[in-house]
Amino acid sequence: MENIKLSIDKAFGFVSEQNVAAYKSQVNEANKALHNGTGKGSDFLGWLHLPSTIDEAHLSDIENTAEILRDNCEVVVVIGIGGSYLGAKAVIDALSNSFDWLQTERNSPVVVYAGQNIGEDYLYELQEMLKNKKFGIICISKSGTTTEPALAFRLLKTQLEAQQGKAAAQKLIVAITDKSRGALRTLATQEGYKTFIIEDNIGGRYSVLTPVGLLPIAVAGHDIRQLVAGAIKMETVCGPETPFEENPAAQYAAIRNELYKNGKGIEILVNFHPKLHFIGEWWKQLYGESEGKENKGIFPAAVDFTTDLHSMGQWIQEGVRSIFETVISVKASNFTKIFPHDESNLDGLNFLAGKRVDEVNKMAELGTMIAHIDGGVPNLKVELPSLNEYYLGQLLYFFEKACGISGYVLGVNPFDQPGVEAYKKNMFALLEKPGFEAETKAIKARI
Ligand code: PA5
């Protein structure tokens, strides 16, 4: 089996190879600090050895639970927000048929999401769609108190009980939450739901390889053992024993910090396959929440090419030169589609006849990279041999590890997110939540 491959040479016209190499000892120290638990936020390092420590009994428990939902549900609603939904959605989208929800002959339930927004129309339409459907719920909240998922869960639990009866509904609800704290844990114990624990030492955005990600991914019919196997491989490849020059996480952490130091304050994650859109969303959360603090941090953005070349492409080519790109490149497509010859050739496309569509996509990728470098945009590339569970597992762990190292090099705690609380405090004050009386008074005086 190959590995995913990071290439950074197309950034060397913008920052020097020597300056990137100069990060060697700092990056190695950061990597060691993660492994020795001596850096900031060291009580949140449960993800570090997660892949290699997942045991057989735990994987089987997840698979058996997934099987119950698969056997009994047409639709499974995954309720969660942020780190409690993005990893599952990213992997499921990347591995599933793009038109999955339209398929009538199905082997797996349709997986849909709730609790990641408070859109009334969204929730109304979801509940209308679920009427008369056999559905199940996976409710994910580490704290067990987050408003968005709690709100969605109350609505959907009530609907499920009304449609199936309380006893049957109880068997179709799985809660993934803290082992003892939070409203979801209390509710799950009281109602007798099947539960999985999110360990205290794993933050939301690093939780994709816990049941938070693995259960929904297994419900969607994907091979979680291969996903974990890929992550285990990267655990070794990105470990502190791997020399700086051969360690992709170390290299990525070094070059992005050097680019940042040289005025490249925005990193754009690029894909050339629409299935990877949510990998971009997951990555944005991972890097945004980990590094954006103390008035520091690269702003993580993401685009889908070639789609966004017809919108954001102009800005990327000629806008403020504060950006660099990291391209997720997939070497081999899973299917073959040959472009046909046409006698009349009215569209003038016969020069493409006989070529694979992926060859056209690859030339778009290469042409874009050269154009953007010419336009002043450093390019990094992460190449996946193909799109499957194993290489996605590698990709997820690679990004997690590099994020931890990169955050330490930047000098921040990559494992907290104090800034997320500000909006919640205001929302509760505005909604007059009991206990927020003083904040309610203060905020109402401002509006
Ligand atoms: O990464 C994080 O910690 C956050 O994005 C959380 O996952 C998100 O806020 C949801 O929190 P919880 O799982 O406690 O409902």
# chains A, B, ... in the order shown; residues from 1 in each chain; ligands from 1
>>> residues_near_ligand(ligand="ligand 1", cutoff="7 Å", atoms="only C-alpha atoms and all ligand atoms", output="number ranges by chain")
A: 80-84, 140-146, 149, 203-205, 417
>>> closest_atom_pairs(of="segment 309-392 of chain A", to="segment 262-265 of chain A", cutoff="10 Å", atoms="only C-alpha atoms", output="tab-separated table")
residue	atom	partner	partner_atom	distance
A:Val320	CA	A:Lys264	CA	9.9
A:Arg321	CA	A:Lys264	CA	7.4
A:Ser322	CA	A:Lys264	CA	4.4
A:Ile323	CA	A:Lys264	CA	4.9
A:Phe324	CA	A:Lys264	CA	6.3
A:Glu325	CA	A:Lys264	CA	9.9
A:Val377	CA	A:Lys264	CA	9.0
A:Pro378	CA	A:Lys264	CA	8.9
>>> closest_residue(among="A:Ile4, A:Val412, A:Ile173, A:Leu34", to="Ile328 of chain A", atoms="only C-alpha atoms")
A:Ile4
>>> residues_around(residues="Gln285 of chain A", least_positions_apart="2", cutoff="10 Å", atoms="only C-alpha atoms", output="NGL selection string")
:A and (82-83 or 86-87 or 204-206 or 280-283 or 287-291 or 300-301)
>>> residues_around(residues="segment 37-49 of chain A", least_positions_apart="6", cutoff="12 Å", atoms="only C-alpha atoms", output="ChimeraX atom specification")
/A:29-31,55,198-210,228,231-236,238-240,290,396-405,407-417
>>> select_by_dssp(residues="segment 70-195 of chain A", states="strand (DSSP E or B)", output="list in words")
Val75, Val76, Val77, Val78, Ile79, Val110, Val111, Val112, Tyr113, Ala114, Phe135, Gly136, Ile137, Ile138, Cys139, Ile140, Ser141, Ile173, Val174, Ala175, Ile176, Thr177, Lys194 and Thr195 of chain A
>>> write_last_selection(atoms="N, CA and C atoms", output="mmCIF file, in the first residue's frame")
data_model
loop_
_atom_site.group_PDB
_atom_site.id
_atom_site.type_symbol
_atom_site.label_atom_id
_atom_site.label_comp_id
_atom_site.auth_asym_id
_atom_site.auth_seq_id
_atom_site.Cartn_x
_atom_site.Cartn_y
_atom_site.Cartn_z
ATOM 1 N N VAL A 75 -33.878 5.988 7.117
ATOM 2 C CA VAL A 75 -33.108 7.225 7.281
ATOM 3 C C VAL A 75 -32.503 7.233 8.689
ATOM 4 N N VAL A 76 -31.255 7.650 8.792
ATOM 5 C CA VAL A 76 -30.670 7.878 10.119
ATOM 6 C C VAL A 76 -30.274 9.355 10.208
ATOM 7 N N VAL A 77 -30.779 10.020 11.248
ATOM 8 C CA VAL A 77 -30.460 11.434 11.443
ATOM 9 C C VAL A 77 -29.290 11.533 12.422
ATOM 10 N N VAL A 78 -28.197 12.100 11.952
ATOM 11 C CA VAL A 78 -27.046 12.334 12.824
ATOM 12 C C VAL A 78 -27.183 13.753 13.371
ATOM 13 N N ILE A 79 -27.348 13.853 14.686
ATOM 14 C CA ILE A 79 -27.522 15.164 15.321
ATOM 15 C C ILE A 79 -26.215 15.563 15.997
ATOM 16 N N VAL A 110 -30.355 6.268 4.303
ATOM 17 C CA VAL A 110 -29.883 7.604 3.945
ATOM 18 C C VAL A 110 -29.464 8.292 5.249
ATOM 19 N N VAL A 111 -28.282 8.880 5.256
ATOM 20 C CA VAL A 111 -27.832 9.599 6.448
ATOM 21 C C VAL A 111 -28.075 11.090 6.223
ATOM 22 N N VAL A 112 -28.826 11.707 7.121
ATOM 23 C CA VAL A 112 -29.052 13.155 7.045
ATOM 24 C C VAL A 112 -28.607 13.769 8.377
ATOM 25 N N TYR A 113 -28.568 15.093 8.422
ATOM 26 C CA TYR A 113 -27.962 15.760 9.587
ATOM 27 C C TYR A 113 -28.908 16.790 10.181
ATOM 28 N N ALA A 114 -28.823 16.949 11.480
ATOM 29 C CA ALA A 114 -29.590 17.990 12.171
ATOM 30 C C ALA A 114 -28.771 18.468 13.358
ATOM 31 N N PHE A 135 -37.162 5.814 10.818
ATOM 32 C CA PHE A 135 -35.894 6.499 11.013
ATOM 33 C C PHE A 135 -35.299 6.266 12.407
ATOM 34 N N GLY A 136 -34.006 6.498 12.487
ATOM 35 C CA GLY A 136 -33.295 6.384 13.757
ATOM 36 C C GLY A 136 -32.495 7.649 14.003
ATOM 37 N N ILE A 137 -31.958 7.780 15.202
ATOM 38 C CA ILE A 137 -31.227 9.004 15.577
ATOM 39 C C ILE A 137 -29.902 8.630 16.235
ATOM 40 N N ILE A 138 -28.835 9.283 15.775
ATOM 41 C CA ILE A 138 -27.572 9.234 16.526
ATOM 42 C C ILE A 138 -27.363 10.649 17.045
ATOM 43 N N CYS A 139 -27.489 10.834 18.346
ATOM 44 C CA CYS A 139 -27.337 12.173 18.910
ATOM 45 C C CYS A 139 -25.943 12.303 19.527
ATOM 46 N N ILE A 140 -25.177 13.267 19.019
ATOM 47 C CA ILE A 140 -23.777 13.401 19.438
ATOM 48 C C ILE A 140 -23.552 14.767 20.069
ATOM 49 N N SER A 141 -23.149 14.766 21.324
ATOM 50 C CA SER A 141 -22.756 16.019 21.965
ATOM 51 C C SER A 141 -21.853 15.678 23.142
ATOM 52 N N ILE A 173 -32.477 4.938 19.030
ATOM 53 C CA ILE A 173 -31.728 6.156 19.405
ATOM 54 C C ILE A 173 -30.401 5.747 20.040
ATOM 55 N N VAL A 174 -29.321 6.326 19.537
ATOM 56 C CA VAL A 174 -27.996 6.109 20.121
ATOM 57 C C VAL A 174 -27.463 7.473 20.562
ATOM 58 N N ALA A 175 -26.942 7.539 21.765
ATOM 59 C CA ALA A 175 -26.372 8.801 22.268
ATOM 60 C C ALA A 175 -24.860 8.642 22.396
ATOM 61 N N ILE A 176 -24.129 9.648 21.892
ATOM 62 C CA ILE A 176 -22.670 9.645 22.030
ATOM 63 C C ILE A 176 -22.307 10.908 22.804
ATOM 64 N N THR A 177 -21.786 10.711 24.007
ATOM 65 C CA THR A 177 -21.608 11.856 24.896
ATOM 66 C C THR A 177 -20.593 11.553 25.993
ATOM 67 N N LYS A 194 -28.830 3.105 23.936
ATOM 68 C CA LYS A 194 -27.463 2.633 23.704
ATOM 69 C C LYS A 194 -26.563 3.867 23.687
ATOM 70 N N THR A 195 -25.428 3.816 24.360
ATOM 71 C CA THR A 195 -24.541 4.988 24.369
ATOM 72 C C THR A 195 -23.099 4.616 24.051
#
>>> select_by_dssp(residues="segment 117-335 of chain A", states="alpha helix (DSSP H)", output="ChimeraX atom specification")
/A:120-130,147-164,166-171,183-191,211-219,224-237,248-261,277-291,313-318
>>> closest_residue(among="A:Pro385, A:Gly115, A:Pro274, A:Pro109", to="His222 of chain A", atoms="only C-alpha atoms")
A:Pro109
>>> closest_residue(among="A:Asn3, A:Thr306, A:Val212, A:Gly292", to="Asp178 of chain A", atoms="only C-alpha atoms")
A:Val212
>>> closest_residue(among="A:Gly313, A:Gly230, A:Gly182, A:Gly13", to="Leu387 of chain A", atoms="only C-alpha atoms")
A:Gly230
>>> closest_residue(among="A:Leu259, A:Glu148, A:Gln164, A:Leu172", to="Lys424 of chain A", atoms="only C-alpha atoms")
A:Glu148
>>> closest_residue(among="A:Leu130, A:Ala220, A:Leu50, A:Leu6", to="Glu67 of chain A", atoms="only C-alpha atoms")
A:Ala220
>>> residues_around(residues="Asn388 of chain A", least_positions_apart="6", cutoff="10 Å", atoms="only C-alpha atoms", output="list in words")
Val91, Ala94, Leu95, Ser96, His222, Asp223, Gln226, Leu227, Gly230 and Asn334 of chain A
>>> residues_around(residues="Val219 of chain A", least_positions_apart="6", cutoff="7 Å", atoms="only C-alpha atoms", output="PyMOL selection string")
chain A and resi 66-67+69-70
>>> write_last_selection(atoms="C-alpha atoms", output="PDB file, in the first residue's frame")
ATOM      1  CA  ALA A  66     -24.534   0.367  13.094  1.00  0.00           C
ATOM      2  CA  GLU A  67     -26.024  -2.916  11.880  1.00  0.00           C
ATOM      3  CA  LEU A  69     -29.705   0.992  12.628  1.00  0.00           C
ATOM      4  CA  ARG A  70     -28.991  -0.254   9.098  1.00  0.00           C
TER       5      ARG A  70
END
>>> decode(residues="segment 203-351 of chain A", atoms="C-alpha atoms", output="CSV table (one decimal), in the first residue's frame")
chain,number,residue,atom,x,y,z
A,203,GLY,CA,-11.8,17.5,21.8
A,204,GLY,CA,-14.6,17.7,19.2
A,205,ARG,CA,-12.5,18.5,16.2
A,206,TYR,CA,-10.1,15.6,16.9
A,207,SER,CA,-12.9,13.1,17.5
A,208,VAL,CA,-13.6,11.7,14.0
A,209,LEU,CA,-11.9,8.4,14.9
A,210,THR,CA,-14.1,7.9,18.0
A,211,PRO,CA,-17.7,6.7,17.7
A,212,VAL,CA,-18.5,10.3,16.9
A,213,GLY,CA,-17.3,9.7,13.4
A,214,LEU,CA,-17.1,5.9,13.2
A,215,LEU,CA,-20.7,5.1,14.1
A,216,PRO,CA,-22.3,7.3,11.4
A,217,ILE,CA,-19.6,6.2,8.9
A,218,ALA,CA,-20.4,2.6,9.6
A,219,VAL,CA,-24.2,3.2,9.3
A,220,ALA,CA,-23.5,4.7,5.9
A,221,GLY,CA,-21.9,1.4,4.9
A,222,HIS,CA,-18.2,2.3,4.9
A,223,ASP,CA,-15.4,0.2,6.2
A,224,ILE,CA,-14.3,1.8,9.5
A,225,ARG,CA,-11.5,-0.8,9.9
A,226,GLN,CA,-9.8,0.5,6.8
A,227,LEU,CA,-10.3,4.1,7.9
A,228,VAL,CA,-8.6,3.3,11.2
A,229,ALA,CA,-5.9,1.3,9.5
A,230,GLY,CA,-5.0,4.3,7.3
A,231,ALA,CA,-4.8,6.5,10.4
A,232,ILE,CA,-2.6,3.9,12.2
A,233,LYS,CA,-0.2,4.1,9.3
A,234,MET,CA,0.0,7.9,9.5
A,235,GLU,CA,0.4,7.7,13.3
A,236,THR,CA,3.8,6.0,12.6
A,237,VAL,CA,4.7,8.1,9.5
A,238,CYS,CA,4.0,11.4,11.4
A,239,GLY,CA,5.6,10.2,14.6
A,240,PRO,CA,8.5,11.9,16.4
A,241,GLU,CA,10.9,9.1,15.3
A,242,THR,CA,10.4,9.9,11.6
A,243,PRO,CA,13.1,12.4,10.4
A,244,PHE,CA,11.9,16.0,9.7
A,245,GLU,CA,12.7,15.6,6.0
A,246,GLU,CA,10.4,12.5,5.6
A,247,ASN,CA,7.7,13.5,8.1
A,248,PRO,CA,4.7,15.0,6.2
A,249,ALA,CA,3.1,16.5,9.3
A,250,ALA,CA,6.4,18.1,10.3
A,251,GLN,CA,7.0,19.5,6.8
A,252,TYR,CA,3.4,20.9,6.5
A,253,ALA,CA,3.6,22.5,10.0
A,254,ALA,CA,7.0,24.1,9.0
A,255,ILE,CA,6.0,25.5,5.6
A,256,ARG,CA,2.7,26.9,6.7
A,257,ASN,CA,4.3,28.7,9.6
A,258,GLU,CA,7.0,30.1,7.3
A,259,LEU,CA,4.4,31.2,4.7
A,260,TYR,CA,2.4,32.9,7.5
A,261,LYS,CA,5.6,34.7,8.7
A,262,ASN,CA,6.0,36.0,5.1
A,263,GLY,CA,2.5,37.6,4.9
A,264,LYS,CA,0.5,34.6,3.7
A,265,GLY,CA,-2.3,34.8,6.3
A,266,ILE,CA,-4.9,32.8,4.4
A,267,GLU,CA,-4.6,29.2,3.4
A,268,ILE,CA,-7.1,27.9,0.9
A,269,LEU,CA,-7.8,24.1,0.8
A,270,VAL,CA,-8.5,23.2,-2.7
A,271,ASN,CA,-10.2,20.1,-4.1
A,272,PHE,CA,-11.0,19.0,-7.6
A,273,HIS,CA,-13.8,16.5,-6.6
A,274,PRO,CA,-17.1,17.7,-5.3
A,275,LYS,CA,-17.2,14.8,-2.9
A,276,LEU,CA,-14.4,16.4,-1.0
A,277,HIS,CA,-16.3,19.6,-0.2
A,278,PHE,CA,-16.9,18.6,3.4
A,279,ILE,CA,-13.2,17.5,3.9
A,280,GLY,CA,-12.6,21.2,3.4
A,281,GLU,CA,-15.3,22.1,6.0
A,282,TRP,CA,-13.8,19.6,8.5
A,283,TRP,CA,-10.3,20.9,7.9
A,284,LYS,CA,-11.5,24.5,8.3
A,285,GLN,CA,-12.8,23.7,11.8
A,286,LEU,CA,-9.7,21.8,12.7
A,287,TYR,CA,-7.3,24.6,11.8
A,288,GLY,CA,-9.6,27.5,12.5
A,289,GLU,CA,-10.5,26.5,16.1
A,290,SER,CA,-7.0,25.2,16.8
A,291,GLU,CA,-4.9,28.2,15.6
A,292,GLY,CA,-7.2,31.2,15.5
A,293,LYS,CA,-6.6,32.8,18.9
A,294,GLU,CA,-4.5,35.4,20.7
A,295,ASN,CA,-5.0,37.6,17.5
A,296,LYS,CA,-2.9,35.0,15.6
A,297,GLY,CA,-3.5,32.2,13.1
A,298,ILE,CA,-3.8,31.5,9.4
A,299,PHE,CA,-7.4,32.0,8.2
A,300,PRO,CA,-8.5,28.6,6.7
A,301,ALA,CA,-10.7,28.8,3.6
A,302,ALA,CA,-11.7,26.2,1.2
A,303,VAL,CA,-12.8,26.0,-2.5
A,304,ASP,CA,-14.2,23.4,-4.8
A,305,PHE,CA,-12.5,23.4,-8.2
A,306,THR,CA,-13.1,23.7,-11.1
A,307,THR,CA,-16.5,25.0,-9.8
A,308,ASP,CA,-15.1,27.9,-7.9
A,309,LEU,CA,-12.5,28.8,-10.6
A,310,HIS,CA,-15.6,30.5,-12.1
A,311,SER,CA,-16.2,32.5,-9.0
A,312,MET,CA,-13.3,32.7,-6.6
A,313,GLY,CA,-10.8,32.0,-9.3
A,314,GLN,CA,-10.5,35.7,-10.2
A,315,TRP,CA,-9.7,36.7,-6.6
A,316,ILE,CA,-7.2,33.9,-6.2
A,317,GLN,CA,-5.4,34.8,-9.4
A,318,GLU,CA,-5.2,38.5,-9.0
A,319,GLY,CA,-6.5,39.6,-5.5
A,320,VAL,CA,-4.4,40.6,-2.5
A,321,ARG,CA,-1.3,38.4,-2.4
A,322,SER,CA,-2.0,37.2,1.1
A,323,ILE,CA,-2.9,33.6,0.3
A,324,PHE,CA,-1.5,30.2,-0.3
A,325,GLU,CA,-3.2,27.0,-1.5
A,326,THR,CA,-3.1,23.4,-0.4
A,327,VAL,CA,-4.4,21.2,-3.1
A,328,ILE,CA,-6.0,17.8,-2.2
A,329,SER,CA,-5.2,15.8,-5.3
A,330,VAL,CA,-6.6,12.4,-6.0
A,331,LYS,CA,-4.3,10.4,-8.3
A,332,ALA,CA,-6.7,7.8,-9.6
A,333,SER,CA,-10.5,8.1,-10.0
A,334,ASN,CA,-12.6,5.1,-8.9
A,335,PHE,CA,-14.6,4.9,-12.2
A,336,THR,CA,-13.8,5.4,-15.8
A,337,LYS,CA,-15.6,7.7,-18.2
A,338,ILE,CA,-14.3,8.1,-21.7
A,339,PHE,CA,-15.2,11.2,-23.6
A,340,PRO,CA,-17.0,10.2,-26.9
A,341,HIS,CA,-16.3,11.2,-30.5
A,342,ASP,CA,-19.0,13.2,-32.2
A,343,GLU,CA,-19.3,13.2,-36.1
A,344,SER,CA,-20.6,16.8,-36.3
A,345,ASN,CA,-18.2,18.2,-33.6
A,346,LEU,CA,-20.3,21.3,-33.3
A,347,ASP,CA,-19.0,21.9,-29.8
A,348,GLY,CA,-15.4,21.6,-31.1
A,349,LEU,CA,-14.5,19.0,-28.4
A,350,ASN,CA,-13.3,16.2,-30.6
A,351,PHE,CA,-9.8,16.9,-29.5
